[in-house]
>>> print(open('start00.txt').read())   # compact mmCIF, C-alpha atoms
# COMPACT_ATOMS: atom_id res chain seq x y z
CA MET A 1 59.25 21.51 -85.61
CA ALA A 2 60.62 18.51 -83.79
CA SER A 3 57.58 17.73 -81.66
CA GLU A 4 55.13 18.07 -84.54
CA ALA A 5 57.25 15.83 -86.72
CA GLY A 6 57.25 13.23 -83.98
CA GLU A 7 53.46 13.07 -83.87
CA GLY A 8 53.31 12.88 -87.62
CA SER A 9 55.47 9.79 -87.91
CA THR A 10 52.87 7.62 -86.18
CA ALA A 11 50.29 8.34 -88.87
CA GLY A 12 50.44 7.04 -92.43
CA MET A 13 53.12 8.27 -94.79
CA ASP A 14 50.72 10.49 -96.77
CA ASP A 15 49.40 12.12 -93.65
CA TYR A 16 52.94 12.64 -92.54
CA GLU A 17 53.81 14.37 -95.79
CA THR A 18 50.84 16.71 -95.68
CA LEU A 19 51.40 17.45 -92.03
CA ILE A 20 55.05 18.24 -92.60
CA SER A 21 54.30 20.47 -95.57
CA THR A 22 51.89 22.60 -93.58
CA THR A 23 53.97 23.22 -90.47
CA ASP A 24 54.97 26.82 -90.07
CA VAL A 25 58.64 26.05 -90.49
CA GLU A 26 57.93 24.40 -93.81
CA LEU A 27 55.83 27.40 -94.85
CA LEU A 28 58.65 29.69 -93.82
CA LYS A 29 61.09 27.64 -95.84
CA LYS A 30 58.82 28.01 -98.85
CA ALA A 31 58.43 31.75 -98.36
CA TRP A 32 62.19 32.08 -97.93
CA ARG A 33 62.93 30.13 -101.10
CA ASN A 34 60.43 32.15 -103.12
CA GLU A 35 61.78 35.41 -101.79
CA LYS A 36 65.32 34.35 -102.54
CA ALA A 37 64.58 33.39 -106.13
CA ALA A 38 62.09 36.08 -107.15
CA PRO A 39 63.54 39.18 -108.80
CA GLU A 40 61.02 41.48 -107.11
CA ILE A 41 59.93 41.79 -103.51
CA LEU A 42 56.97 39.56 -102.62
CA ARG A 43 54.14 40.09 -100.19
CA PHE A 44 55.25 40.08 -96.56
CA GLU A 45 53.97 36.96 -94.74
CA THR A 46 52.61 38.90 -91.80
CA SER A 47 50.74 36.20 -89.90
CA LEU A 48 53.30 33.49 -90.63
CA ILE A 49 56.11 35.65 -89.32
CA GLN A 50 54.10 36.43 -86.22
CA ARG A 51 53.53 32.72 -85.55
CA ILE A 52 57.19 31.91 -86.18
CA ARG A 53 58.30 34.54 -83.69
CA GLY A 54 55.97 33.02 -81.13
CA GLN A 55 57.32 29.55 -81.78
CA ILE A 56 60.92 30.65 -81.59
CA GLN A 57 60.25 32.21 -78.23
CA LEU A 58 58.49 29.07 -77.04
CA MET A 59 61.38 26.89 -78.17
CA GLU A 60 63.89 29.12 -76.45
CA GLU A 61 61.95 28.80 -73.21
CA ASN A 62 61.65 25.04 -73.62
CA ILE A 63 65.35 24.61 -74.20
CA GLU A 64 66.20 26.70 -71.18
CA GLU A 65 63.84 24.60 -69.11
CA PHE A 66 65.30 21.34 -70.45
CA ALA A 67 68.82 22.51 -69.78
CA GLY A 68 67.84 23.38 -66.20
CA SER A 69 66.01 20.13 -65.48
CA GLY A 70 68.86 17.77 -66.27
CA ILE A 71 67.56 16.23 -69.52
CA ASP A 72 70.17 14.45 -71.63
CA PRO A 73 72.44 17.16 -73.14
CA LEU A 74 72.27 15.45 -76.54
CA THR A 75 68.51 15.89 -76.69
CA VAL A 76 68.88 19.49 -75.67
CA SER A 77 71.46 20.14 -78.35
CA LEU A 78 69.18 18.58 -80.98
CA TYR A 79 66.45 20.99 -79.99
CA GLN A 80 69.01 23.76 -80.07
CA MET A 81 70.00 22.81 -83.60
CA ASP A 82 66.39 22.83 -84.71
CA LEU A 83 65.97 26.25 -83.16
CA ASP A 84 69.14 27.55 -84.80
CA ARG A 85 67.93 26.47 -88.20
CA THR A 86 64.58 28.14 -87.75
CA GLN A 87 66.29 31.28 -86.52
CA TYR A 88 68.53 31.31 -89.56
CA LEU A 89 65.60 30.92 -91.96
CA PHE A 90 63.69 33.63 -90.18
CA ARG A 91 66.55 36.15 -90.12
CA SER A 92 67.64 35.34 -93.62
CA TYR A 93 64.10 35.88 -94.89
CA LEU A 94 64.00 39.36 -93.36
CA ARG A 95 67.52 40.13 -94.59
CA ILE A 96 66.80 39.18 -98.19
CA ARG A 97 63.81 41.50 -98.09
CA LEU A 98 65.86 44.35 -96.70
CA GLN A 99 68.45 43.88 -99.40
CA LYS A 100 65.77 44.02 -102.05
CA ILE A 101 64.40 47.19 -100.50
CA GLU A 102 67.87 48.71 -100.56
CA LYS A 103 68.33 47.76 -104.16
CA TYR A 104 65.01 49.06 -105.45
CA MET A 105 64.33 51.87 -102.99
CA PHE A 106 63.36 54.49 -105.58
CA HIS A 107 61.19 52.05 -107.45
CA ILE A 108 59.43 51.22 -104.19
CA SER A 109 59.01 54.79 -103.00
CA LYS A 110 57.34 55.77 -106.29
CA ASN A 111 55.09 52.75 -106.42
CA PRO A 112 52.24 52.39 -103.90
CA GLU A 113 51.41 48.87 -105.11
CA VAL A 114 54.88 47.63 -104.20
CA GLN A 115 54.75 49.48 -100.90
CA SER A 116 51.60 47.60 -99.95
CA ARG A 117 53.62 44.38 -99.99
CA LEU A 118 55.91 45.57 -97.20
CA SER A 119 55.44 45.24 -93.46
CA GLU A 120 55.03 48.42 -91.40
CA GLN A 121 58.64 48.36 -90.25
CA GLU A 122 59.87 47.71 -93.75
CA LYS A 123 57.91 50.68 -95.03
CA GLY A 124 59.66 52.88 -92.52
CA PHE A 125 63.00 51.46 -93.51
CA ALA A 126 62.32 51.93 -97.23
CA ARG A 127 61.36 55.56 -96.65
CA ARG A 128 64.51 56.33 -94.69
CA CYS A 129 66.58 54.43 -97.19
CA ALA A 130 65.34 56.46 -100.13
CA ASP A 131 65.61 59.75 -98.23
CA ASP A 132 69.21 59.12 -97.22
CA MET A 133 70.21 58.03 -100.69
CA GLU A 134 68.50 61.02 -102.23
CA ARG A 135 70.31 63.39 -99.90
CA HIS A 136 73.60 61.67 -100.57
CA LEU A 137 73.28 61.89 -104.35
CA GLU A 138 71.96 65.42 -104.05
CA GLU A 139 74.97 66.60 -102.10
CA SER A 140 77.64 64.73 -103.97
CA VAL A 141 76.48 64.95 -107.58
CA LEU A 142 73.25 66.73 -108.42
CA SER A 143 73.84 70.05 -106.68
CA LYS A 144 77.04 70.45 -108.73
CA LEU A 145 75.34 69.99 -112.08
CA PRO A 146 73.72 72.74 -114.19
CA ASP A 147 70.15 73.75 -113.31
CA ASN A 148 68.17 71.71 -115.80
CA TYR A 149 70.00 68.51 -115.01
CA GLN A 150 69.45 68.26 -111.27
CA ASP A 151 66.49 65.92 -111.09
CA ILE A 152 67.26 62.64 -109.40
CA VAL A 153 64.98 60.41 -111.46
CA LYS A 154 65.11 62.19 -114.81
CA GLN A 155 68.19 62.55 -116.94
CA SER A 156 67.35 66.15 -117.77
CA ILE A 157 64.39 68.49 -117.60
CA ILE A 158 63.23 67.49 -121.09
CA SER A 159 62.86 63.79 -120.24
CA GLU A 160 59.17 63.03 -120.31
CA GLU A 161 59.17 60.31 -117.70
CA SER A 162 61.41 59.10 -114.94
CA ASP A 163 64.13 57.25 -116.74
CA MET A 164 66.72 56.74 -114.04
CA ILE A 165 65.05 54.38 -111.56
CA PRO A 166 66.55 50.92 -111.12
CA GLU A 167 63.70 48.42 -111.39
CA PRO A 168 63.54 44.69 -110.79
CA GLN A 169 63.94 42.70 -113.98
CA LEU A 170 60.69 40.84 -114.20
CA ASP A 171 61.61 39.06 -117.39
CA SER A 172 64.54 37.24 -115.86
CA PHE A 173 64.37 33.45 -115.73
CA VAL A 174 63.48 31.48 -112.63
CA VAL A 175 63.41 27.78 -111.88
CA CYS A 176 60.04 26.73 -110.56
CA LYS A 177 57.86 23.81 -109.65
CA SER A 178 54.11 23.46 -109.45
CA ARG A 179 52.26 22.09 -106.46
CA ARG A 180 49.40 20.64 -108.45
CA PHE A 181 48.34 20.15 -112.02
CA LEU A 182 47.97 23.52 -113.73
CA GLY A 183 45.86 23.58 -116.86
CA PRO A 184 47.18 25.16 -120.01
CA PHE A 185 47.87 28.84 -119.48
CA GLN A 186 49.25 31.47 -121.76
CA LEU A 187 52.80 32.71 -121.41
CA ASP A 188 53.44 36.44 -121.45
CA GLY A 189 54.38 37.79 -124.82
CA SER A 190 53.93 34.58 -126.80
CA ASP A 191 51.08 32.42 -128.06
CA GLU A 192 52.45 29.27 -126.52
CA LEU A 193 50.39 27.44 -123.94
CA LEU A 194 51.99 25.71 -121.03
CA GLU A 195 50.84 22.90 -118.79
CA MET A 196 52.54 22.14 -115.54
CA LYS A 197 52.47 18.79 -113.79
CA PRO A 198 53.09 18.57 -110.07
CA ASP A 199 56.77 18.51 -109.12
CA GLU A 200 57.92 19.07 -112.66
CA LEU A 201 60.79 21.55 -112.91
CA CYS A 202 60.39 24.44 -115.32
CA ILE A 203 62.67 27.29 -116.29
CA ILE A 204 60.52 30.20 -117.27
CA HIS A 205 60.21 34.00 -117.43
CA TYR A 206 59.32 35.23 -113.97
CA LYS A 207 56.62 37.61 -115.19
CA SER A 208 54.66 34.77 -116.84
CA ILE A 209 54.12 33.02 -113.53
CA ARG A 210 54.20 36.06 -111.27
CA GLU A 211 50.57 35.88 -110.14
CA ARG A 212 50.71 32.16 -109.57
CA VAL A 213 53.72 32.55 -107.30
CA GLN A 214 51.85 35.17 -105.29
CA GLU A 215 48.85 32.86 -105.00
CA GLY A 216 51.04 29.97 -103.91
CA ASP A 217 50.32 27.61 -106.82
CA ILE A 218 53.89 27.66 -108.05
CA ASP A 219 57.02 27.49 -105.91
CA LEU A 220 60.34 28.93 -106.94
CA VAL A 221 63.41 26.83 -106.36
CA MET B 222 87.11 63.92 -126.33
CA TYR B 223 83.79 64.47 -124.63
CA GLY B 224 82.72 61.90 -122.09
CA ARG B 225 86.07 60.16 -121.79
CA LYS B 226 86.76 61.21 -118.23
CA ALA B 227 83.36 60.11 -117.03
CA CYS B 228 83.93 56.80 -118.73
CA GLN B 229 87.25 56.43 -116.89
CA LEU B 230 85.43 57.01 -113.64
CA VAL B 231 82.99 54.21 -114.33
CA LYS B 232 85.76 51.92 -115.56
CA GLU B 233 87.55 52.41 -112.29
CA LEU B 234 84.45 51.12 -110.60
CA ALA B 235 84.07 48.18 -112.93
CA SER B 236 87.70 47.08 -112.74
CA GLY B 237 87.74 47.11 -108.96
CA GLU B 238 87.37 43.82 -107.15
CA LYS B 239 83.75 42.91 -106.59
CA GLY B 240 82.46 44.17 -103.25
CA GLN B 241 85.67 46.13 -102.60
CA LEU B 242 85.84 49.89 -102.56
CA THR B 243 88.40 51.78 -104.59
CA PRO B 244 89.55 55.09 -103.10
CA TYR B 245 87.18 57.94 -103.89
CA ASN B 246 88.61 59.69 -106.93
CA SER B 247 87.71 63.27 -106.14
CA ASP B 248 90.08 64.75 -108.77
CA LEU B 249 88.54 62.94 -111.67
CA PHE B 250 85.07 63.46 -110.24
CA ASP B 251 85.55 67.23 -110.06
CA GLN B 252 86.98 67.29 -113.57
CA VAL B 253 83.85 65.62 -114.89
CA ILE B 254 81.70 68.12 -113.02
CA ALA B 255 83.72 70.94 -114.58
CA GLU B 256 83.24 69.37 -118.00
CA CYS B 257 79.49 69.38 -117.36
CA SER B 258 79.47 73.09 -116.59
CA GLN B 259 81.50 73.73 -119.73
CA HIS B 260 78.99 71.79 -121.82
CA HIS B 261 76.18 73.78 -120.28
CA LEU B 262 77.86 77.10 -121.08
CA GLU B 263 78.42 76.15 -124.69
CA LEU B 264 74.92 74.77 -124.97
CA GLN B 265 73.48 78.04 -123.75
CA SER B 266 75.66 80.19 -125.99
CA LEU B 267 74.61 78.16 -129.04
CA ILE B 268 70.97 78.56 -128.16
CA ARG B 269 71.45 82.26 -127.58
CA LYS B 270 73.11 82.54 -130.96
CA MET B 271 70.15 80.85 -132.62
CA GLN B 272 67.75 83.18 -130.84
CA GLU B 273 69.73 86.23 -131.93
CA GLU B 274 69.52 85.03 -135.50
CA GLY B 275 65.75 85.02 -135.05
CA LEU B 276 65.39 81.26 -135.51
CA ASP B 277 62.88 79.09 -133.70
CA VAL B 278 64.94 76.96 -131.30
CA GLN B 279 62.35 74.19 -131.19
CA THR B 280 62.10 73.51 -134.90
CA THR B 281 65.28 74.75 -136.60
CA ARG B 282 67.64 72.01 -137.68
CA ASN B 283 70.92 73.74 -138.52
CA ALA B 284 74.54 73.19 -137.47
CA ASP B 285 74.03 75.08 -134.23
CA HIS B 286 71.09 72.92 -133.29
CA TYR B 287 73.09 69.72 -133.67
CA GLY B 288 76.05 71.29 -131.86
CA ALA B 289 73.75 72.08 -128.94
CA LEU B 290 72.32 68.58 -129.09
CA ILE B 291 75.78 67.05 -128.78
CA HIS B 292 76.52 69.18 -125.75
CA HIS B 293 73.21 68.18 -124.22
CA LEU B 294 73.77 64.48 -124.84
CA SER B 295 77.33 64.63 -123.52
CA LEU B 296 76.05 66.32 -120.41
CA VAL B 297 73.37 63.70 -119.88
CA ARG B 298 75.89 60.95 -120.40
CA ASN B 299 78.27 62.51 -117.91
CA LYS B 300 75.47 62.80 -115.43
CA ARG B 301 74.61 59.15 -115.81
CA CYS B 302 78.25 58.17 -115.30
CA LEU B 303 78.57 60.33 -112.20
CA MET B 304 75.35 58.96 -110.77
CA ALA B 305 76.40 55.39 -111.55
CA TYR B 306 79.72 55.99 -109.83
CA MET B 307 78.08 57.32 -106.69
CA TYR B 308 75.19 54.88 -106.71
CA ASN B 309 77.32 51.79 -107.09
CA ARG B 310 79.76 52.95 -104.46
CA ALA B 311 76.81 53.50 -102.16
CA GLU B 312 75.73 49.94 -102.85
CA ILE B 313 79.13 48.63 -101.75
CA ILE B 314 79.03 50.89 -98.71
CA ARG B 315 75.67 49.41 -97.73
CA SER B 316 77.00 45.89 -98.08
CA LEU B 317 79.86 46.83 -95.75
CA ILE B 318 77.37 47.43 -92.97
CA TRP B 319 76.47 43.74 -93.18
CA LYS B 320 80.04 42.59 -93.44
CA VAL B 321 81.91 44.70 -90.91
CA GLY B 322 79.21 46.27 -88.76
CA PRO B 323 78.34 49.86 -87.91
CA VAL B 324 81.93 51.05 -87.31
CA LEU B 325 84.27 51.19 -90.26
CA PRO B 326 87.96 50.36 -89.89
CA GLN B 327 90.40 53.18 -90.66
CA GLN B 328 91.64 51.68 -93.95
CA ILE B 329 88.15 51.64 -95.43
CA GLN B 330 87.17 55.01 -94.07
CA GLU B 331 90.05 56.63 -95.94
CA LYS B 332 88.53 55.51 -99.22
CA LEU B 333 85.24 57.33 -98.65
CA SER B 334 84.34 60.90 -99.47
CA HIS B 335 82.87 63.05 -96.75
CA THR B 336 79.28 62.67 -97.91
CA GLU B 337 79.79 58.94 -98.26
CA GLU B 338 80.82 58.74 -94.62
CA GLU B 339 77.68 60.63 -93.70
CA TYR B 340 75.64 58.27 -95.83
CA PHE B 341 77.19 55.24 -94.18
CA LYS B 342 76.25 56.56 -90.75
CA LYS B 343 72.72 57.48 -91.79
CA HIS B 344 72.06 54.17 -93.47
CA SER B 345 73.38 52.08 -90.65
CA GLY B 346 71.16 54.20 -88.40
CA ALA B 347 68.16 53.30 -90.56
CA LEU B 348 69.05 49.63 -90.29
CA GLN B 349 69.51 49.88 -86.54
CA SER B 350 66.15 51.51 -86.08
CA TYR B 351 64.48 48.80 -88.19
CA MET B 352 66.06 46.11 -86.04
CA SER B 353 65.19 47.79 -82.78
CA ARG B 354 61.58 48.24 -83.89
CA LEU B 355 61.48 44.51 -84.54
CA ASP B 356 63.49 43.86 -81.40
CA LEU B 357 65.69 41.49 -83.36
CA ASP B 358 69.36 41.43 -84.31
CA LEU B 359 69.69 40.53 -87.97
CA THR B 360 73.46 40.68 -88.10
CA VAL B 361 73.88 37.27 -86.46
CA ASP B 362 73.15 33.93 -88.14
CA MET B 363 74.68 35.06 -91.40
CA VAL B 364 75.49 31.54 -92.62
CA PRO B 365 73.26 28.49 -92.44
CA PRO B 366 74.05 26.66 -89.21
CA LYS B 367 75.58 23.19 -89.31
CA ASP B 368 76.45 22.57 -85.71
CA PRO B 369 75.44 24.64 -82.69
CA TYR B 370 79.01 24.51 -81.48
CA ILE B 371 82.15 25.46 -83.37
CA GLN B 372 85.84 25.46 -82.66
CA VAL B 373 87.57 28.84 -82.76
CA ARG B 374 90.99 30.31 -82.32
CA VAL B 375 91.35 33.70 -80.68
CA LEU B 376 93.34 36.15 -82.80
CA ASP B 377 93.60 39.06 -80.42
CA ASP B 378 93.65 39.54 -76.68
CA ILE B 379 89.97 39.86 -75.89
CA GLY B 380 90.25 39.26 -72.17
CA VAL B 381 87.69 37.80 -69.82
CA VAL B 382 84.16 37.55 -71.22
CA LEU B 383 81.01 36.57 -69.40
CA SER B 384 78.60 34.33 -71.24
CA ASP B 385 75.95 31.91 -69.94
CA ASP B 386 76.95 32.47 -66.30
CA LYS B 387 80.51 31.39 -67.07
CA THR B 388 83.54 33.59 -67.42
CA THR B 389 86.08 32.60 -70.03
CA ASN B 390 89.49 34.08 -70.63
CA PHE B 391 89.93 34.58 -74.37
CA ALA B 392 93.68 35.05 -74.44
CA CYS B 393 95.41 35.52 -77.76
CA HIS B 394 96.00 32.22 -79.68
CA SER B 395 93.95 30.14 -77.27
CA MET B 396 91.40 27.74 -78.76
CA HIS B 397 87.83 27.28 -77.59
CA PHE B 398 84.76 25.26 -78.28
CA LEU B 399 81.93 27.77 -78.28
CA LYS B 400 78.30 28.21 -79.13
CA ARG B 401 78.17 29.51 -82.67
CA THR B 402 75.91 32.37 -81.71
CA ASP B 403 78.38 33.53 -79.06
CA ALA B 404 81.39 33.24 -81.33
CA GLU B 405 79.86 34.96 -84.36
CA GLN B 406 80.10 38.47 -82.97
CA PHE B 407 83.82 38.02 -82.38
CA ILE B 408 84.42 36.43 -85.76
CA SER B 409 82.75 39.28 -87.64
CA ARG B 410 84.97 41.76 -85.82
CA GLY B 411 88.02 39.77 -86.83
CA LEU B 412 88.91 38.84 -83.26
CA MET B 413 88.46 35.08 -83.75
CA GLU B 414 88.63 32.64 -86.60
CA GLU B 415 86.68 29.46 -87.07
CA LEU B 416 88.73 26.28 -87.30
CA THR B 417 87.45 23.95 -89.94
CA GLY B 418 88.39 20.44 -90.91
>>> encode(input="start00.txt", output="structure tokens")
Amino acid sequence: MASEAGEGSTAGMDDYETLISTTDVELLKKAWRNEKAAPEILRFETSLIQRIRGQIQLMEENIEEFAGSGIDPLTVSLYQMDLDRTQYLFRSYLRIRLQKIEKYMFHISKNPEVQSRLSEQEKGFARRCADDMERHLEESVLSKLPDNYQDIVKQSIISEESDMIPEPQLDSFVVCKSRRFLGPFQLDGSDELLEMKPDELCIIHYKSIRERVQEGDIDLV
Amino acid sequence: MYGRKACQLVKELASGEKGQLTPYNSDLFDQVIAECSQHHLELQSLIRKMQEEGLDVQTTRNADHYGALIHHLSLVRNKRCLMAYMYNRAEIIRSLIWKVGPVLPQQIQEKLSHTEEEYFKKHSGALQSYMSRLDLDLTVDMVPPKDPYIQVRVLDDIGVVLSDDKTTNFACHSMHFLKRTDAEQFISRGLMEELTG
């Protein structure tokens, strides 16, 4: 945030860059961008979000104190702007996640691996979400259909597996950028090998780089 | 023709403006449900006929088998259409919670079926409880902030409001320079508009 950036500018340009790219706000921006671009829900950034909440609170207190102690209103409003932006990023991050949960609630509720990526509160929300939707569809459609056709995730009783769950499309394309040089790796479903240089833009199937996004090697844009 | 009504139902959904609800078409919906029951009856009678003839239902491939299959497939297709209709409407209903808040205006409420109204209430309850567990209001800050202050015009008589130890009289048509966070709640309820340019 503002104060950290100020300290950074006295050091060399490289140090400044690395310092900037590791501040929590910058990390939040990265998490937000990834979450926005990825077709599926990513792992919840528990500790980052906790730190951000702490910082937001600290900034709010600071601004209140500044406003009370007669510091130049322009300075105060600059801090306020910085705070507003952080708040927006933070809220938007949580909102995007909620919208993904809403969209893929049945997929999530049937899939413990996906559930493990959610925060505690999100898990609760996902559960209620799926329950409410199930009840709604039950009452308005399913209960009026003949006996063998009442299952919510199967088209009829003879379907072997659940064939009516909306799932994220993992083979959709994403635009991405690598942080560092990534040696040749195999793309999903083809024999082609791909190398990625730092800061080079690539348009690629999401599922081919899925793990690398989770590990933080590749950023989505 | 089988499946035509269900298709109409889905078309209605697809031709509607994106993010806007069309009125709940309970007539057509009930007709499709009735068609489903009809399919089921005929399906069962065909199977019964095959059993009476002493044929093995699982393996026989005669006219009755394919007749039954058509009824089954039509039924499944109708079910998918009905579910898609409800599911997609529910998606729009959920997005309304973000756009207009937990209380629906009369004009929108008229377009919902009874169970949809229930669903709206339940889902906005789920959202509320998530936000209160986090102790955070997610319905503000919906657009990326440019300036902490914005200029607004009041569209309705709001009256005297207390904010930041000051009382302001928001009379109809008056213009104010407000903190964005304070103004947003009024804008989303349609009581103020932001002046741009």
>>> closest_residue(input="start00.txt", among="A:Leu27, A:Val114, A:Leu142, A:Leu48", to="chain B", atoms="only C-alpha atoms")
A:Leu142
>>> closest_residue(input="start00.txt", among="B:Thr389, B:Leu359, B:Val231, B:Ile371", to="A:Arg97", atoms="all atoms listed in the file")
B:Leu359
>>> residues_near_point(input="start00.txt", point="(57.9, 34.6, -96.1)", cutoff="12 Å", atoms="only C-alpha atoms", output="NGL selection string")
:A and (24-36 or 38 or 41-52 or 89-97 or 117-119 or 214 or 216)
>>> write_last_selection(input="start00.txt", atoms="C-alpha atoms", output="CSV table (one decimal), in the coordinates of the input")
chain,number,residue,atom,x,y,z
A,24,ASP,CA,55.0,26.8,-90.1
A,25,VAL,CA,58.6,26.0,-90.5
A,26,GLU,CA,57.9,24.4,-93.8
A,27,LEU,CA,55.8,27.4,-94.8
A,28,LEU,CA,58.6,29.7,-93.8
A,29,LYS,CA,61.1,27.6,-95.8
A,30,LYS,CA,58.8,28.0,-98.8
A,31,ALA,CA,58.4,31.8,-98.4
A,32,TRP,CA,62.2,32.1,-97.9
A,33,ARG,CA,62.9,30.1,-101.1
A,34,ASN,CA,60.4,32.2,-103.1
A,35,GLU,CA,61.8,35.4,-101.8
A,36,LYS,CA,65.3,34.4,-102.5
A,38,ALA,CA,62.1,36.1,-107.2
A,41,ILE,CA,59.9,41.8,-103.5
A,42,LEU,CA,57.0,39.6,-102.6
A,43,ARG,CA,54.1,40.1,-100.2
A,44,PHE,CA,55.2,40.1,-96.6
A,45,GLU,CA,54.0,37.0,-94.7
A,46,THR,CA,52.6,38.9,-91.8
A,47,SER,CA,50.7,36.2,-89.9
A,48,LEU,CA,53.3,33.5,-90.6
A,49,ILE,CA,56.1,35.6,-89.3
A,50,GLN,CA,54.1,36.4,-86.2
A,51,ARG,CA,53.5,32.7,-85.6
A,52,ILE,CA,57.2,31.9,-86.2
A,89,LEU,CA,65.6,30.9,-92.0
A,90,PHE,CA,63.7,33.6,-90.2
A,91,ARG,CA,66.6,36.2,-90.1
A,92,SER,CA,67.6,35.3,-93.6
A,93,TYR,CA,64.1,35.9,-94.9
A,94,LEU,CA,64.0,39.4,-93.4
A,95,ARG,CA,67.5,40.1,-94.6
A,96,ILE,CA,66.8,39.2,-98.2
A,97,ARG,CA,63.8,41.5,-98.1
A,117,ARG,CA,53.6,44.4,-100.0
A,118,LEU,CA,55.9,45.6,-97.2
A,119,SER,CA,55.4,45.2,-93.5
A,214,GLN,CA,51.8,35.2,-105.3
A,216,GLY,CA,51.0,30.0,-103.9
>>> atom_distance(input="start00.txt", atom1="atom CA of A:Asp219", atom2="atom CA of A:Tyr104")
23.0 Å
>>> atom_distance(input="start00.txt", atom1="atom CA of B:Val382", atom2="atom CA of B:Glu415")
18.0 Å
>>> atom_distance(input="start00.txt", atom1="atom CA of A:Ile108", atom2="atom CA of A:Glu161")
16.3 Å
>>> interface_residues(input="start00.txt", of="chain A", to="chain B", cutoff="10 Å", atoms="all atoms listed in the file", output="MDAnalysis selection string")
chainID A and resid 77:78 80:92 94:95 98:99 102:103 120:142 144:150 152 154:156 164
>>> residues_near_point(input="start00.txt", point="(47.9, 18.3, -113.2)", cutoff="10 Å", atoms="all atoms listed in the file", output="compact mmCIF listing (two decimals) with C-alpha atoms, in the frame of the given file")
# COMPACT_ATOMS: atom_id res chain seq x y z
CA SER A 178 54.11 23.46 -109.45
CA ARG A 179 52.26 22.09 -106.46
CA ARG A 180 49.40 20.64 -108.45
CA PHE A 181 48.34 20.15 -112.02
CA LEU A 182 47.97 23.52 -113.73
CA GLY A 183 45.86 23.58 -116.86
CA PRO A 184 47.18 25.16 -120.01
CA GLU A 195 50.84 22.90 -118.79
CA MET A 196 52.54 22.14 -115.54
CA LYS A 197 52.47 18.79 -113.79
CA PRO A 198 53.09 18.57 -110.07
CA ASP A 199 56.77 18.51 -109.12
>>> closest_residue(input="start00.txt", among="A:Glu113, A:Glu40, A:Asp151, A:Glu200", to="A:Cys176", atoms="only C-alpha atoms")
A:Glu200
